[in-house]
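J.: Just dropping this structure here.
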Amino acid sequence: MKESLWNSILSVRKNSPLVHNLTNYVVMNNTANALLAAGASPIMAHAHPEVEDMVTICGASVINIGTLDEYWVESMLKAAKKAHGLGKPWVLDPVGAGATAYRNETVASLLTYKPTIIRGNASEIMALAKVGEAKSKGVDSVHQSTEATGAAQWLSNTYGSVVCVSGATDVIVSGNKKILISNGHPLMQLVTGLGCTASALTGAFAAVSNDKLTGTAAAMALLGIAGELAQKESAGPGSLQLNILDKLYTINQEEFFTYLKAEEDNG
Amino acid sequence: MKESLWNSILSVRKNSPLVHNLTNYVVMNNTANALLAAGASPIMAHAHPEVEDMVTICGASVINIGTLDEYWVESMLKAAKKAHGLGKPWVLDPVGAGATAYRNETVASLLTYKPTIIRGNASEIMALAKVGEAKSKGVDSVHQSTEATGAAQWLSNTYGSVVCVSGATDVIVSGNKKILISNGHPLMQLVTGLGCTASALTGAFAAVSNDKLTGTAAAMALLGIAGELAQKESAGPGSLQLNILDKLYTINQEEFFTYLKAEEDNG
Amino acid sequence: MKESLWNSILSVRKNSPLVHNLTNYVVMNNTANALLAAGASPIMAHAHPEVEDMVTICGASVINIGTLDEYWVESMLKAAKKAHGLGKPWVLDPVGAGATAYRNETVASLLTYKPTIIRGNASEIMALAKVGEAKSKGVDSVHQSTEATGAAQWLSNTYGSVVCVSGATDVIVSGNKKILISNGHPLMQLVTGLGCTASALTGAFAAVSNDKLTGTAAAMALLGIAGELAQKESAGPGSLQLNILDKLYTINQEEFFTYLKAEEDNG
């Protein structure tokens, strides 16, 4: 598997996919820089009169609800619908799902356009599964997700998505296939928006990969290893943020193979 | 006093308060990172359908008018009203008060919800006092603030707020109590948004401190000392911005006590 | 020429012009920091009730359409109209012109207020010339710009603007005068928004320079040389972003004269 993960990284570098981002205000700069460092080309655009044009132009769209509001939600729905209609990959990052009714309603609407990839932390993925079930089944929920892997599997089966639950070990599920990535470093949690960066990178990989499961795993491994390498040279979370960008750009095959902790589970 | 300031810092690290930010686009990333580095958990959310839910969930809200517009002003008023109603601490950062009529009208409306803490530079605090007086007294202004400490005292007495005038020496006023913090470094003025960062940190400290005067002083001392330590390792304002984040995370009791320049005046 | 370029840099440092920015979400933090590092004072403000006041207060306005939407486009038009009416310098950065019809319509409207300076990459400048011609001449385009210098010259003659086409060599055109700046480093393309930073800096220089051609050339040379110096100390694009800020602040006459690659062509 390590060869195919590394080939995905090379494919992003070689093809420099255009990645359209509808993301939150907090992370826009860092997300754009991470995409550039990994070899992709970021575009941030949300205006109703052009958001569908941007989906059409780009290789993938990434929808992150972090600082959503009514205008942006409409943009997100337009983009998701367009991507779904064109058969283009799109990524859902359900930031803060479960925290407010508004976020739950928003992700429920977005799920109807069947995201190619969903990436969130465990509590977001569990919230998303509950929202999806409540919507599809009414109050008689058929699956009370009490752990994130089950929720991820339900989401993958229901929406046909690759689902990535990120954490100390990232669990990436596609139907009955599963890849586990155990890279990364705890200090990364003190840099805002690295989850959002992960989602953006999966968008870049989805744009160039036929196999979305492998592409998603490659994105998570790349960021995790970049974080591990960067942490060794960082005095704290401030320097870590920028050293990760440097490592996304400089990481080579030897470093990648040395650090990779990936495991396949074809169930 | 230095023990109680340091204990406030430990309390933020231990309790990791959720801090809700309605802040400007320029500083969101840096503000979120500073809160994380100090041990708090930032949430940025402004949508009308959820802003009151976020106030309810969080330990404190920080309202910063830097890049205000009509939508955001309505969000800010909703949040301030909700915090006031729940008796939750909220911080007002009146960025650019005095510069335009629109900013003055906005802060006048926000003041009616009695901010727990107000933090601004001298000209903003003086502008705020003038706005508050004009609103409460009509054109017969009872207090023509010609210096910021007087304006701070008037604001504190009128609204029951802790008022922090930041500068080479930060003057923090609560009724007839006063704390002066003389930490920091002039190069910090060349990093955008460190005032906004100071306000966000006071929110984190307000969420965990019964004594808001001490909490505010601790936030200002922490940032000032982090700036002094960071400046020694910085080649300019770019590296200073991130080194401050590192220092907010690594600063220990010995460094804090060695550098602290605090003075009480219960005068 | 090198003396006059350096004097422009000193003039920004000495006069610390207020620069009003209507710019995109991705770059706001970095743009503000770059302006501060170069000695200017940034203000970011877009609200309809105050945007004209900000134009009036500031020495120059910079309008960057990167993350435009309907609200922001109205802000931009108000600001451009006000600046044009007051005879104040304003800069147009037509990010992504040519990519969508919405961007083309927006820049066509903005051009009617005759930007003092236009800065974009080659494809944006060519798109802008096509848009301008289509608007002024209908479908019978008089000038099919097939290369950016021709497009820049057409724009300069038609709107009276200084036009800067940035690239490996920046071509800066004002009527029949031309300055070429060949500073910079390829790694700068992997830092998001350095073009936007260039536009913001030209705003600072326009605020203090009678000769807008020289001012624009000085801004481009300053950023290019800062990038070259910074690159020598950078392990990748993450560290480059902040090292550029450090160099904008520390760069001295000797470094500037040693690195400057400028050429005049009054052809």
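In the structure tokens, each chain is lettered A, B, ... as it comes, each chain's residues begin at 1, and ligands are numbered from 1 in order of appearance.
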Which residues of chain C are close to chain A, meaning at most 9 Å apart when you count only C-alpha atoms, and how do they look as a ChimeraX atom specification?

T.: /C:25-30,66-70,99-103,189-193,234-242

J.: Where does DSSP see strand (DSSP E) in range 27-241 of chain B, if you list the residues as a PyMOL selection string?

T.: chain B and resi 41-44+60-64+90-93+117-121+162-166+170-174+177-181

J.: Now that the selection is made, can you save its residues with N, CA, C and O atoms as a short mmCIF file (atom, residue, chain, number, x, y, z; two decimals), in the first residue's frame?

T.:
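Once everything was written out, this is result33.cif:
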```
data_model
loop_
_atom_site.label_atom_id
_atom_site.label_comp_id
_atom_site.auth_asym_id
_atom_site.auth_seq_id
_atom_site.Cartn_x
_atom_site.Cartn_y
_atom_site.Cartn_z
N SER B 41 -10.07 26.98 24.38
CA SER B 41 -10.64 26.37 23.17
C SER B 41 -11.47 27.41 22.42
O SER B 41 -12.52 27.82 22.91
N PRO B 42 -11.01 27.85 21.27
CA PRO B 42 -11.72 28.90 20.54
C PRO B 42 -12.87 28.36 19.69
O PRO B 42 -12.77 27.26 19.14
N ILE B 43 -13.95 29.12 19.62
CA ILE B 43 -15.01 28.87 18.65
C ILE B 43 -15.31 30.19 17.95
O ILE B 43 -15.53 31.20 18.61
N MET B 44 -15.30 30.18 16.63
CA MET B 44 -15.68 31.35 15.86
C MET B 44 -17.04 31.06 15.23
O MET B 44 -17.18 30.09 14.48
N ALA B 60 -17.28 32.30 27.74
CA ALA B 60 -17.23 33.75 27.56
C ALA B 60 -17.35 34.05 26.07
O ALA B 60 -17.04 33.19 25.24
N SER B 61 -17.81 35.26 25.75
CA SER B 61 -17.86 35.71 24.36
C SER B 61 -17.02 36.97 24.20
O SER B 61 -16.99 37.81 25.09
N VAL B 62 -16.35 37.06 23.05
CA VAL B 62 -15.49 38.21 22.76
C VAL B 62 -16.02 38.88 21.50
O VAL B 62 -16.13 38.22 20.46
N ILE B 63 -16.37 40.14 21.61
CA ILE B 63 -16.96 40.87 20.50
C ILE B 63 -16.00 41.98 20.07
O ILE B 63 -15.71 42.89 20.82
N ASN B 64 -15.53 41.85 18.83
CA ASN B 64 -14.50 42.73 18.29
C ASN B 64 -15.05 43.29 16.99
O ASN B 64 -15.39 42.54 16.08
N TRP B 90 -18.70 38.80 28.93
CA TRP B 90 -18.40 39.11 27.53
C TRP B 90 -17.48 40.32 27.47
O TRP B 90 -17.51 41.20 28.33
N VAL B 91 -16.63 40.32 26.43
CA VAL B 91 -15.58 41.31 26.27
C VAL B 91 -15.90 42.16 25.04
O VAL B 91 -16.25 41.62 23.99
N LEU B 92 -15.77 43.47 25.17
CA LEU B 92 -15.91 44.37 24.01
C LEU B 92 -14.55 44.91 23.60
O LEU B 92 -13.84 45.50 24.42
N ASP B 93 -14.20 44.72 22.33
CA ASP B 93 -13.01 45.34 21.76
C ASP B 93 -13.48 46.33 20.70
O ASP B 93 -13.84 45.94 19.59
N ILE B 117 -15.89 43.21 30.34
CA ILE B 117 -14.55 43.77 30.15
C ILE B 117 -14.56 44.58 28.86
O ILE B 117 -15.18 44.17 27.87
N ILE B 118 -13.90 45.72 28.90
CA ILE B 118 -13.67 46.51 27.69
C ILE B 118 -12.16 46.64 27.54
O ILE B 118 -11.48 47.00 28.49
N ARG B 119 -11.63 46.31 26.35
CA ARG B 119 -10.20 46.50 26.12
C ARG B 119 -9.97 47.25 24.83
O ARG B 119 -10.51 46.85 23.78
N GLY B 120 -9.22 48.33 24.89
CA GLY B 120 -8.90 49.09 23.69
C GLY B 120 -7.65 49.90 23.92
O GLY B 120 -7.10 49.91 25.03
N ASN B 121 -7.17 50.58 22.87
CA ASN B 121 -6.06 51.50 23.09
C ASN B 121 -6.61 52.83 23.60
O ASN B 121 -7.83 53.01 23.72
N VAL B 162 -14.81 46.01 33.86
CA VAL B 162 -13.37 46.16 33.97
C VAL B 162 -12.90 46.77 32.66
O VAL B 162 -13.28 46.29 31.59
N VAL B 163 -12.13 47.86 32.73
CA VAL B 163 -11.70 48.54 31.50
C VAL B 163 -10.18 48.49 31.41
O VAL B 163 -9.49 48.89 32.37
N CYS B 164 -9.68 48.01 30.29
CA CYS B 164 -8.24 47.91 30.08
C CYS B 164 -7.82 48.82 28.94
O CYS B 164 -8.27 48.66 27.81
N VAL B 165 -6.98 49.79 29.27
CA VAL B 165 -6.40 50.68 28.26
C VAL B 165 -5.01 50.13 27.96
O VAL B 165 -4.11 50.22 28.80
N SER B 166 -4.83 49.56 26.78
CA SER B 166 -3.53 48.95 26.55
C SER B 166 -2.57 49.94 25.90
O SER B 166 -2.96 50.82 25.15
N ASP B 170 -0.18 49.04 30.41
CA ASP B 170 -1.61 48.75 30.37
C ASP B 170 -2.23 49.22 31.68
O ASP B 170 -1.76 48.84 32.76
N VAL B 171 -3.28 50.01 31.57
CA VAL B 171 -3.98 50.49 32.76
C VAL B 171 -5.31 49.75 32.84
O VAL B 171 -6.15 49.86 31.94
N ILE B 172 -5.49 48.99 33.92
CA ILE B 172 -6.69 48.15 34.05
C ILE B 172 -7.47 48.64 35.26
O ILE B 172 -6.95 48.64 36.38
N VAL B 173 -8.70 49.05 35.00
CA VAL B 173 -9.49 49.76 36.01
C VAL B 173 -10.76 48.98 36.32
O VAL B 173 -11.43 48.48 35.41
N SER B 174 -11.06 48.86 37.61
CA SER B 174 -12.35 48.31 38.03
C SER B 174 -12.82 49.13 39.22
O SER B 174 -12.29 48.99 40.32
N LYS B 177 -10.35 50.47 41.89
CA LYS B 177 -9.13 49.66 41.88
C LYS B 177 -8.43 49.79 40.53
O LYS B 177 -9.09 49.97 39.50
N LYS B 178 -7.14 49.62 40.56
CA LYS B 178 -6.38 49.80 39.32
C LYS B 178 -5.16 48.88 39.35
O LYS B 178 -4.51 48.77 40.38
N ILE B 179 -4.86 48.23 38.25
CA ILE B 179 -3.61 47.48 38.11
C ILE B 179 -2.89 47.99 36.87
O ILE B 179 -3.52 48.23 35.83
N LEU B 180 -1.59 48.17 37.01
CA LEU B 180 -0.76 48.61 35.88
C LEU B 180 0.17 47.47 35.48
O LEU B 180 0.85 46.91 36.33
N ILE B 181 0.19 47.18 34.21
CA ILE B 181 1.09 46.14 33.68
C ILE B 181 2.01 46.81 32.66
O ILE B 181 1.52 47.40 31.70
#
```

J.: Within 10 Å of Ala221 in chain B, counting only C-alpha atoms, which residues show up once you throw out same-chain ones fewer than 5 positions away? Write them as a list in words, please.

T.: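 Listing them by chain and then by number gives Lys2, Leu5, Trp6, Ile9, Asp170, Leu180, Ile181, Ser182, Asn183, Gly184, Ala198, Gly215, Thr216, Ala226, Gly227, Phe256, Tyr259, Leu260, Lys261 and Ala262 of chain B.
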